[in-house]
$ cat my_file_9.tsv   # TSV, C-alpha atoms and all ligand atoms
chain	number	residue	atom	x	y	z
A	13	MET	CA	65.66	105.86	118.78
A	14	PRO	CA	62.82	108.31	119.60
A	15	ILE	CA	63.24	111.68	121.32
A	16	THR	CA	61.92	111.12	124.84
A	17	HIS	CA	62.55	114.62	126.19
A	18	GLU	CA	59.56	117.00	125.85
A	19	PHE	CA	60.04	120.50	124.48
A	20	GLU	CA	58.02	123.28	122.93
A	21	PHE	CA	58.39	123.69	119.14
A	22	LEU	CA	58.68	127.32	118.01
A	23	ARG	CA	58.35	128.47	114.42
A	24	PRO	CA	58.85	132.26	114.22
A	25	SER	CA	57.98	133.83	110.87
A	26	SER	CA	60.64	136.54	110.93
A	27	LEU	CA	64.19	136.97	112.18
A	28	GLY	CA	62.94	139.78	114.48
A	29	ASP	CA	60.45	137.40	116.14
A	30	ALA	CA	63.14	134.74	116.53
A	31	LEU	CA	65.49	137.21	118.22
A	32	SER	CA	62.70	138.45	120.56
A	33	LEU	CA	62.04	134.87	121.64
A	34	LEU	CA	65.77	134.34	122.34
A	35	ALA	CA	65.94	137.63	124.28
A	36	ASP	CA	62.86	136.85	126.40
A	37	ARG	CA	63.59	133.33	127.58
A	38	SER	CA	66.44	130.89	128.08
A	39	GLY	CA	66.68	127.23	127.12
A	40	ILE	CA	65.81	127.65	123.41
A	41	LYS	CA	67.83	125.61	120.88
A	42	PRO	CA	67.81	126.87	117.28
A	43	LEU	CA	67.19	124.17	114.67
A	44	ALA	CA	68.64	124.38	111.15
A	45	GLY	CA	69.16	121.11	109.24
A	46	GLY	CA	68.91	119.11	112.46
A	47	THR	CA	71.67	116.67	111.47
A	48	ASP	CA	73.55	117.44	114.67
A	49	LEU	CA	70.80	118.68	116.99
A	50	ILE	CA	68.30	115.85	116.41
A	51	VAL	CA	70.99	113.27	117.20
A	52	ARG	CA	71.78	115.10	120.44
A	53	LEU	CA	68.09	115.36	121.38
A	54	LYS	CA	67.68	111.62	120.79
A	55	ASN	CA	70.74	110.84	122.90
A	56	GLY	CA	69.62	113.18	125.69
A	57	GLN	CA	72.80	115.27	125.25
A	58	ASP	CA	70.67	118.40	124.72
A	59	THR	CA	67.50	118.91	126.80
A	60	PRO	CA	66.18	122.35	125.77
A	61	SER	CA	62.85	123.75	126.97
A	62	ALA	CA	62.11	124.73	123.34
A	63	VAL	CA	63.43	124.05	119.84
A	64	MET	CA	63.15	126.97	117.41
A	65	ASP	CA	62.99	126.15	113.72
A	66	LEU	CA	64.99	128.60	111.58
A	67	LYS	CA	64.46	127.03	108.16
A	68	GLN	CA	61.56	129.27	107.15
A	69	LEU	CA	63.37	132.55	107.89
A	70	PRO	CA	64.15	134.30	104.58
A	71	GLU	CA	66.71	136.56	106.27
A	72	LEU	CA	69.01	133.55	106.82
A	73	GLY	CA	69.05	132.28	103.25
A	74	GLY	CA	71.05	133.16	100.17
A	75	LEU	CA	74.54	133.26	98.83
A	76	ALA	CA	75.79	136.45	97.19
A	77	VAL	CA	78.81	138.56	96.29
A	78	LYS	CA	78.46	142.28	96.84
A	79	ASP	CA	81.16	144.98	97.08
A	80	GLY	CA	83.90	142.36	97.08
A	81	VAL	CA	82.40	140.34	99.94
A	82	LEU	CA	80.98	136.82	99.69
A	83	THR	CA	78.02	136.33	102.03
A	84	ILE	CA	76.82	132.83	102.90
A	85	GLY	CA	73.45	132.88	104.71
A	86	ALA	CA	73.10	130.73	107.83
A	87	GLY	CA	70.51	128.59	106.07
A	88	VAL	CA	72.82	127.63	103.20
A	89	THR	CA	73.45	123.88	103.09
A	90	PHE	CA	76.61	122.03	102.09
A	91	ALA	CA	74.80	120.82	98.95
A	92	GLU	CA	74.11	124.45	97.98
A	93	LEU	CA	77.76	125.36	98.59
A	94	ILE	CA	78.92	122.56	96.30
A	95	GLU	CA	76.53	123.59	93.54
A	96	SER	CA	77.08	127.36	93.81
A	97	PRO	CA	78.88	128.92	90.83
A	98	LEU	CA	79.98	131.75	93.16
A	99	ILE	CA	81.72	129.32	95.52
A	100	ARG	CA	83.31	127.41	92.64
A	101	LYS	CA	84.59	130.65	91.14
A	102	HIS	CA	85.88	132.43	94.24
A	103	TYR	CA	86.50	129.72	96.86
A	104	PRO	CA	86.53	126.22	95.32
A	105	LEU	CA	88.32	125.16	98.51
A	106	LEU	CA	84.98	125.52	100.35
A	107	ALA	CA	83.19	123.30	97.84
A	108	GLU	CA	86.03	120.78	98.15
A	109	ALA	CA	85.54	120.66	101.93
A	110	ALA	CA	81.73	120.56	101.65
A	111	GLN	CA	82.03	117.55	99.36
A	112	THR	CA	83.72	115.60	102.18
A	113	VAL	CA	80.87	116.10	104.66
A	114	ALA	CA	78.88	112.93	105.38
A	115	SER	CA	76.72	111.83	102.41
A	116	GLY	CA	74.44	113.48	99.86
A	117	GLY	CA	71.38	113.05	102.09
A	118	VAL	CA	73.04	114.78	105.05
A	119	ARG	CA	74.56	117.51	102.86
A	120	ASN	CA	71.09	118.35	101.54
A	121	ARG	CA	70.06	119.37	105.06
A	122	ALA	CA	73.25	120.25	106.94
A	123	THR	CA	74.16	123.93	107.00
A	124	LEU	CA	77.54	125.62	107.20
A	125	ALA	CA	76.27	127.66	110.17
A	126	GLY	CA	75.12	124.52	112.03
A	127	ASN	CA	78.54	123.02	111.39
A	128	ILE	CA	80.46	125.88	113.00
A	129	VAL	CA	77.97	126.30	115.88
A	130	SER	CA	78.22	122.60	116.71
A	131	ALA	CA	82.01	123.26	116.75
A	132	VAL	CA	83.20	119.70	117.11
A	133	PRO	CA	87.01	119.58	116.62
A	134	SER	CA	86.50	117.59	113.39
A	135	CYS	CA	84.06	120.01	111.73
A	136	ASP	CA	84.97	120.01	108.04
A	137	SER	CA	84.23	123.64	107.23
A	138	ALA	CA	86.44	125.07	109.99
A	139	THR	CA	89.87	125.02	108.35
A	140	CYS	CA	88.56	126.52	105.09
A	141	LEU	CA	86.88	129.38	106.92
A	142	LEU	CA	90.06	129.90	108.94
A	143	VAL	CA	92.31	130.17	105.87
A	144	CYS	CA	89.74	132.40	104.13
A	145	ASP	CA	89.77	134.75	107.15
A	146	ALA	CA	85.97	134.56	107.35
A	147	SER	CA	83.81	136.50	109.80
A	148	VAL	CA	80.71	135.14	111.47
A	149	MET	CA	77.88	137.67	111.64
A	150	ALA	CA	76.03	137.16	114.92
A	151	VAL	CA	72.70	138.87	115.47
A	152	SER	CA	70.56	139.36	118.57
A	153	ALA	CA	67.90	141.77	119.82
A	154	ARG	CA	70.89	143.87	120.97
A	155	GLY	CA	72.20	144.27	117.41
A	156	GLU	CA	74.73	142.70	115.04
A	157	ARG	CA	78.42	141.97	115.49
A	158	ALA	CA	81.14	140.42	113.34
A	159	ILE	CA	83.17	137.68	115.01
A	160	PRO	CA	86.48	136.89	113.25
A	161	ILE	CA	86.59	133.13	112.65
A	162	THR	CA	89.97	133.08	114.43
A	163	GLU	CA	88.08	134.06	117.62
A	164	TRP	CA	85.11	131.76	117.01
A	165	PHE	CA	86.27	128.31	118.17
A	166	SER	CA	87.12	128.30	121.88
A	167	GLY	CA	87.18	124.53	122.51
A	168	PRO	CA	85.26	121.34	121.75
A	169	ARG	CA	81.60	122.37	121.16
A	170	SER	CA	82.39	125.86	122.41
A	171	THR	CA	82.20	129.10	120.42
A	172	ALA	CA	82.08	132.87	120.87
A	173	LEU	CA	78.29	132.91	120.20
A	174	GLN	CA	76.13	134.14	123.10
A	175	PRO	CA	72.91	132.28	124.08
A	176	ASP	CA	70.66	135.10	122.78
A	177	GLU	CA	72.48	135.29	119.42
A	178	LEU	CA	71.90	133.59	116.09
A	179	VAL	CA	74.37	133.22	113.26
A	180	LYS	CA	72.97	135.35	110.46
A	181	CYS	CA	75.63	134.66	107.84
A	182	VAL	CA	79.31	134.05	107.20
A	183	ARG	CA	81.25	136.72	105.30
A	184	ILE	CA	84.48	136.34	103.37
A	185	THR	CA	86.27	139.25	101.70
A	186	LEU	CA	87.29	138.22	98.20
A	187	PRO	CA	91.05	138.04	97.76
A	188	GLU	CA	92.80	140.83	95.83
A	189	LYS	CA	95.34	138.39	94.40
A	190	LYS	CA	94.92	135.09	92.61
A	191	THR	CA	94.77	132.16	95.06
A	192	GLY	CA	95.07	128.39	95.10
A	193	GLY	CA	93.59	126.33	97.91
A	194	CYS	CA	93.24	122.77	99.09
A	195	TYR	CA	91.41	120.84	101.82
A	196	VAL	CA	92.58	117.35	102.74
A	197	LYS	CA	90.50	115.15	105.05
A	198	LEU	CA	91.67	111.93	106.64
A	199	ALA	CA	88.90	109.54	107.70
A	200	ARG	CA	88.80	105.86	108.61
A	201	TYR	CA	86.73	104.89	105.57
A	202	ASN	CA	84.96	106.37	102.56
A	203	GLY	CA	81.42	107.50	103.39
A	204	GLU	CA	79.90	109.04	106.49
A	205	ASP	CA	82.88	109.42	108.79
A	206	LEU	CA	84.15	112.37	110.78
A	207	ALA	CA	87.72	113.54	110.19
A	208	GLN	CA	90.68	112.06	112.01
A	209	ALA	CA	92.54	115.11	110.71
A	210	GLY	CA	91.74	118.00	108.35
A	211	VAL	CA	94.21	120.40	106.73
A	212	SER	CA	93.59	123.49	104.61
A	213	VAL	CA	96.15	125.61	102.80
A	214	LEU	CA	95.44	128.81	100.86
A	215	VAL	CA	98.28	130.52	98.99
A	216	ASP	CA	98.21	133.67	96.87
A	217	SER	CA	100.33	134.85	93.96
A	218	ALA	CA	102.64	136.79	96.33
A	219	LYS	CA	103.31	133.47	98.10
A	220	ASN	CA	101.45	134.39	101.28
A	221	TYR	CA	100.29	131.15	102.87
A	222	ARG	CA	97.51	130.43	105.32
A	223	VAL	CA	97.45	127.02	106.99
A	224	ALA	CA	94.84	125.55	109.35
A	225	LEU	CA	94.19	122.20	111.01
A	226	SER	CA	91.08	120.56	112.43
A	227	ALA	CA	90.37	117.34	114.33
A	228	VAL	CA	93.97	117.31	115.52
A	229	CYS	CA	93.71	119.81	118.38
A	230	PRO	CA	90.82	120.47	120.82
A	231	ALA	CA	89.71	123.29	118.48
A	232	PRO	CA	90.49	124.09	114.81
A	233	LYS	CA	93.48	126.44	114.55
A	234	ARG	CA	95.67	128.51	112.22
A	235	LEU	CA	99.38	127.67	112.15
A	236	ARG	CA	100.94	131.13	112.19
A	237	LYS	CA	104.58	130.11	112.62
A	238	THR	CA	104.35	127.73	109.68
A	239	GLU	CA	102.73	130.48	107.60
A	240	ILE	CA	105.54	132.93	108.40
A	241	PHE	CA	108.18	130.35	107.50
A	242	LEU	CA	106.51	129.60	104.13
A	243	LYS	CA	106.03	133.24	103.13
A	244	GLY	CA	107.66	134.01	99.78
A	245	LYS	CA	108.76	130.40	99.20
A	246	ARG	CA	107.86	127.79	96.64
A	247	PRO	CA	106.78	124.51	98.27
A	248	THR	CA	109.83	122.47	97.30
A	249	ASP	CA	110.47	119.14	99.05
A	250	LYS	CA	113.17	120.79	101.16
A	251	THR	CA	110.95	123.73	102.20
A	252	LEU	CA	108.02	121.48	103.06
A	253	SER	CA	110.24	119.14	105.07
A	254	GLU	CA	111.40	122.13	107.12
A	255	ALA	CA	107.84	123.43	107.44
A	256	VAL	CA	106.57	120.07	108.72
A	257	LYS	CA	108.83	120.46	111.76
A	258	LEU	CA	107.02	123.71	112.58
A	259	VAL	CA	103.63	122.09	112.01
A	260	ALA	CA	104.61	119.44	114.58
A	261	LEU	CA	105.52	122.16	117.09
A	262	GLU	CA	102.29	124.09	116.53
A	263	VAL	CA	99.80	121.23	116.87
A	264	CYS	CA	98.69	119.80	120.18
A	265	ALA	CA	97.33	116.49	118.92
A	266	ILE	CA	94.64	114.62	120.83
A	267	THR	CA	93.76	110.94	121.21
A	268	ASP	CA	90.09	110.04	120.81
A	269	ILE	CA	87.98	107.18	119.44
A	270	ARG	CA	89.05	107.98	115.87
A	271	ALA	CA	92.85	108.18	116.21
A	272	THR	CA	95.80	108.34	118.57
A	273	VAL	CA	98.05	111.32	119.13
A	274	GLU	CA	100.91	109.54	117.35
A	275	TYR	CA	98.88	108.64	114.25
A	276	ARG	CA	97.42	112.13	114.02
A	277	ALA	CA	100.81	113.80	114.40
A	278	HIS	CA	102.35	111.56	111.72
A	279	MET	CA	99.50	111.90	109.24
A	280	THR	CA	99.20	115.64	109.74
A	281	GLY	CA	102.74	116.07	108.39
A	282	ILE	CA	102.01	113.99	105.29
A	283	MET	CA	98.68	115.74	104.70
A	284	PHE	CA	100.18	119.19	105.15
A	285	LYS	CA	102.89	118.49	102.54
A	286	ARG	CA	100.39	117.22	99.97
A	287	CYS	CA	97.92	119.98	100.74
A	288	ALA	CA	100.48	122.80	100.39
A	289	ALA	CA	101.90	121.33	97.18
A	290	ALA	CA	98.39	120.96	95.68
A	291	ALA	CA	97.33	124.48	96.70
A	292	PHE	CA	100.43	125.96	95.05
A	293	ALA	CA	100.04	123.85	91.91
A	294	ARG	CA	96.39	124.97	91.63
A	295	LEU	CA	97.52	128.58	92.00
A	296	GLU	CA	99.66	127.98	88.91
A	297	GLY	CA	96.75	126.37	87.06
A	298	LYS	CA	98.10	122.85	87.53
A	299	GLY	CA	97.77	120.20	90.21
A	300	PRO	CA	94.95	117.83	91.14
A	301	ARG	CA	91.41	118.85	90.30
A	302	TYR	CA	89.34	120.12	93.25
A	303	GLY	CA	87.73	117.17	95.01
A	304	GLU	CA	90.46	114.68	94.16
A	305	LYS	CA	91.43	112.64	97.23
A	306	LEU	CA	95.02	113.24	98.36
A	307	VAL	CA	95.09	110.75	101.26
A	401	LIG	C1	75.48	110.71	109.66
A	401	LIG	C2	76.17	112.04	109.92
A	401	LIG	C3	77.40	112.28	109.35
A	401	LIG	C4	78.06	113.49	109.58
A	401	LIG	N1	79.25	113.71	108.96
A	401	LIG	C5	79.90	114.89	109.14
A	401	LIG	C6	81.13	115.14	108.46
A	401	LIG	O1	81.63	114.33	107.70
A	401	LIG	N2	81.73	116.35	108.69
A	401	LIG	C7	81.19	117.28	109.53
A	401	LIG	O2	81.79	118.34	109.69
A	401	LIG	N3	80.02	117.07	110.16
A	401	LIG	C8	79.36	115.90	109.99
A	401	LIG	N4	78.17	115.66	110.65
A	401	LIG	C9	77.65	116.67	111.59
A	401	LIG	C10	76.57	117.62	111.02
A	401	LIG	O3	75.99	117.11	109.85
A	401	LIG	C11	77.14	119.01	110.73
A	401	LIG	O4	77.73	119.57	111.88
A	401	LIG	C12	76.08	119.97	110.17
A	401	LIG	O5	76.74	120.94	109.40
A	401	LIG	C13	75.20	120.64	111.20
A	401	LIG	O6	74.32	121.53	110.51
A	401	LIG	P1	72.75	121.50	110.71
A	401	LIG	O7	72.19	122.54	109.81
A	401	LIG	O8	72.22	120.12	110.55
A	401	LIG	O9	72.67	121.97	112.22
A	401	LIG	P2	71.65	121.59	113.38
A	401	LIG	O10	71.77	120.16	113.73
A	401	LIG	O11	70.29	122.10	113.08
A	401	LIG	O12	72.28	122.50	114.54
A	401	LIG	C14	73.57	122.26	115.02
A	401	LIG	C15	73.85	123.27	116.15
A	401	LIG	O13	73.91	124.57	115.61
A	401	LIG	C16	72.90	125.41	116.21
A	401	LIG	N5	72.46	126.29	115.12
A	401	LIG	C17	72.11	125.94	113.88
A	401	LIG	N6	71.90	127.04	113.13
A	401	LIG	C18	72.13	128.10	113.92
A	401	LIG	C19	72.08	129.53	113.73
A	401	LIG	N7	71.78	130.08	112.54
A	401	LIG	N8	72.40	130.33	114.77
A	401	LIG	C20	72.72	129.80	115.98
A	401	LIG	N9	72.77	128.47	116.22
A	401	LIG	C21	72.48	127.63	115.20
A	401	LIG	C22	71.86	124.46	116.78
A	401	LIG	O14	71.15	125.02	117.86
A	401	LIG	C23	72.75	123.30	117.20
A	401	LIG	O15	73.34	123.59	118.45
A	401	LIG	C24	77.48	114.46	110.43
A	401	LIG	C25	76.23	114.21	111.00
A	401	LIG	C26	75.57	113.03	110.75
A	401	LIG	C27	74.23	112.77	111.37

$ encode --input "my_file_9.tsv" --output "structure tokens" --more "lines below"
Ligand SMILES: Cc1cc2nc3c(=O)[nH]c(=O)nc-3n(C[C@H](O)[C@H](O)[C@H](O)COP(=O)(O)OP(=O)(O)OC[C@H]3O[C@@H](n4cnc5c(N)ncnc54)[C@H](O)[C@@H]3O)c2cc1C
Amino acid sequence: MPITHEFEFLRPSSLGDALSLLADRSGIKPLAGGTDLIVRLKNGQDTPSAVMDLKQLPELGGLAVKDGVLTIGAGVTFAELIESPLIRKHYPLLAEAAQTVASGGVRNRATLAGNIVSAVPSCDSATCLLVCDASVMAVSARGERAIPITEWFSGPRSTALQPDELVKCVRITLPEKKTGGCYVKLARYNGEDLAQAGVSVLVDSAKNYRVALSAVCPAPKRLRKTEIFLKGKRPTDKTLSEAVKLVALEVCAITDIRATVEYRAHMTGIMFKRCAAAAFARLEGKGPRYGEKLV
């Protein structure tokens, strides 16, 4: 299907120029990998007056650890996340989630930043960023600000980003303690399918748990009551069976074309149990290898 809507194509050569363009006029859509935006342009779901290509901006690239903080540039693709030794060392959970996105061809183009800006409830990076307590660095001609990921998602396709802002990078403070993590994605089939449900668990050596869900509620969310209940506990069958009751209370499952409320609620419990058990086992140097399918 061709794009029938006409728009101006902008290709700024610096981040400063890009931000000036966004400050001076409305109706500009930033373009990263285009795996979400191009589909929406073709379908007529987005009709911007201009599309602004970000791929050539050096300020948005790169993945680095400095002063105990992991920085993932807005231009970093899922393929780069999977291959990064820094991600594998510090947050293999992120590589595990990236591996579930679409197919190799899409992952070569699709960026983490594009994923969280598109903010569909099923976005695969959301739960990992939530359990890692990431911050999104937004930049505009007015300056820079850090948006905690817990304040980022405000509903389906809705975020805290303002129209004149770009995502510059995502930052994650490296944990002080040893951690084990896990991301479990439920989809209808192997291959390019969006999640029916996504669960992440991150646990540290002091048995502090962080739990997040995506695709189950209108927006990805942390499950704080479940986290408090799990604190200090080993994930025995009994503990997880109790915790699942809290998970059920904390989710507000939705029905859509991919699954019903009932199926989501049921599967979320099973996924949470497996995810928590795997995260804890990995913390102890055991458990399934990262990337192994658990549902
Ligand atoms: C076949 C197919 C399968 C898919 N499967 C999955 C899947 O399994 N899991 C999943 O989560 N997603 C999936 N997606 C969705 C999509 O690939 C992801 O959301 C992707 O990460 C979007 O990144 P992008 O770089 O392509 O963004 P783009 O399409 O370029 O942009 C997406 C949105 O983000 C905005 N944007 C991009 N970069 C910035 C920035 N730096 N600052 C401000 N705004 C910005 C754009 O304006 C646009 O609104 C799939 C898509 C396709 C086509």

$ residues_near_ligand --input "my_file_9.tsv" --ligand "ligand LIG 401 (chain A)" --cutoff "8 Å" --atoms "all atoms listed in the file" --output "number ranges by chain"
A: 41-51, 66, 72, 86-87, 89-90, 112-115, 118-119, 121-132, 134-137, 150, 173, 177-181, 204-207

$ residues_around --input "my_file_9.tsv" --residues "range 28-38 of chain A" --least-positions-apart "6" --cutoff "6 Å" --atoms "only C-alpha atoms" --output "MDAnalysis selection string"
chainID A and resid 152:153 176

$ atom_distance --input "my_file_9.tsv" --atom1 "CA of Thr59 in chain A" --atom2 "CA of His17 in chain A"
6.6 Å

$ residues_around --input "my_file_9.tsv" --residues "Lys197 in chain A" --least-positions-apart "3" --cutoff "10 Å" --atoms "only C-alpha atoms" --output "ChimeraX atom specification"
/A:108-109,112-113,134,136,206-212,225-227,280,283,287,305-307

$ atom_distance --input "my_file_9.tsv" --atom1 "CA of Phe21 in chain A" --atom2 "CA of Ile40 in chain A"
9.4 Å

$ atom_distance --input "my_file_9.tsv" --atom1 "CA of Leu214 in chain A" --atom2 "CA of Val263 in chain A"
18.2 Å

$ decode --input "my_file_9.tsv" --residues "range 203-216 of chain A" --atoms "N, CA and C atoms" --output "mmCIF file, in the first residue's frame"
data_model
loop_
_atom_site.group_PDB
_atom_site.id
_atom_site.type_symbol
_atom_site.label_atom_id
_atom_site.label_comp_id
_atom_site.auth_asym_id
_atom_site.auth_seq_id
_atom_site.Cartn_x
_atom_site.Cartn_y
_atom_site.Cartn_z
ATOM 1 N N GLY A 203 7.052 -15.849 15.691
ATOM 2 C CA GLY A 203 7.258 -14.956 14.545
ATOM 3 C C GLY A 203 6.787 -13.561 14.880
ATOM 4 N N GLU A 204 6.363 -12.827 13.839
ATOM 5 C CA GLU A 204 6.034 -11.415 14.037
ATOM 6 C C GLU A 204 4.648 -11.253 14.631
ATOM 7 N N ASP A 205 4.538 -11.358 15.950
ATOM 8 C CA ASP A 205 3.244 -11.127 16.577
ATOM 9 C C ASP A 205 3.426 -10.259 17.821
ATOM 10 N N LEU A 206 2.473 -9.354 18.021
ATOM 11 C CA LEU A 206 2.512 -8.519 19.221
ATOM 12 C C LEU A 206 2.074 -9.344 20.430
ATOM 13 N N ALA A 207 2.460 -8.880 21.614
ATOM 14 C CA ALA A 207 2.194 -9.659 22.830
ATOM 15 C C ALA A 207 0.706 -9.669 23.194
ATOM 16 N N GLN A 208 0.251 -10.835 23.629
ATOM 17 C CA GLN A 208 -1.059 -10.904 24.299
ATOM 18 C C GLN A 208 -0.869 -10.521 25.762
ATOM 19 N N ALA A 209 0.312 -10.837 26.276
ATOM 20 C CA ALA A 209 0.694 -10.437 27.634
ATOM 21 C C ALA A 209 2.214 -10.452 27.719
ATOM 22 N N GLY A 210 2.758 -9.563 28.536
ATOM 23 C CA GLY A 210 4.214 -9.524 28.773
ATOM 24 C C GLY A 210 4.452 -9.323 30.266
ATOM 25 N N VAL A 211 5.393 -10.067 30.820
ATOM 26 C CA VAL A 211 5.697 -9.954 32.256
ATOM 27 C C VAL A 211 7.206 -9.852 32.422
ATOM 28 N N SER A 212 7.646 -8.902 33.240
ATOM 29 C CA SER A 212 9.060 -8.842 33.640
ATOM 30 C C SER A 212 9.169 -8.898 35.156
ATOM 31 N N VAL A 213 10.186 -9.614 35.613
ATOM 32 C CA VAL A 213 10.534 -9.612 37.036
ATOM 33 C C VAL A 213 12.035 -9.377 37.151
ATOM 34 N N LEU A 214 12.416 -8.491 38.067
ATOM 35 C CA LEU A 214 13.826 -8.283 38.398
ATOM 36 C C LEU A 214 13.945 -8.445 39.913
ATOM 37 N N VAL A 215 14.889 -9.278 40.347
ATOM 38 C CA VAL A 215 15.056 -9.485 41.797
ATOM 39 C C VAL A 215 16.537 -9.332 42.135
ATOM 40 N N ASP A 216 16.821 -8.725 43.286
ATOM 41 C CA ASP A 216 18.234 -8.581 43.662
ATOM 42 C C ASP A 216 18.576 -9.501 44.841
#
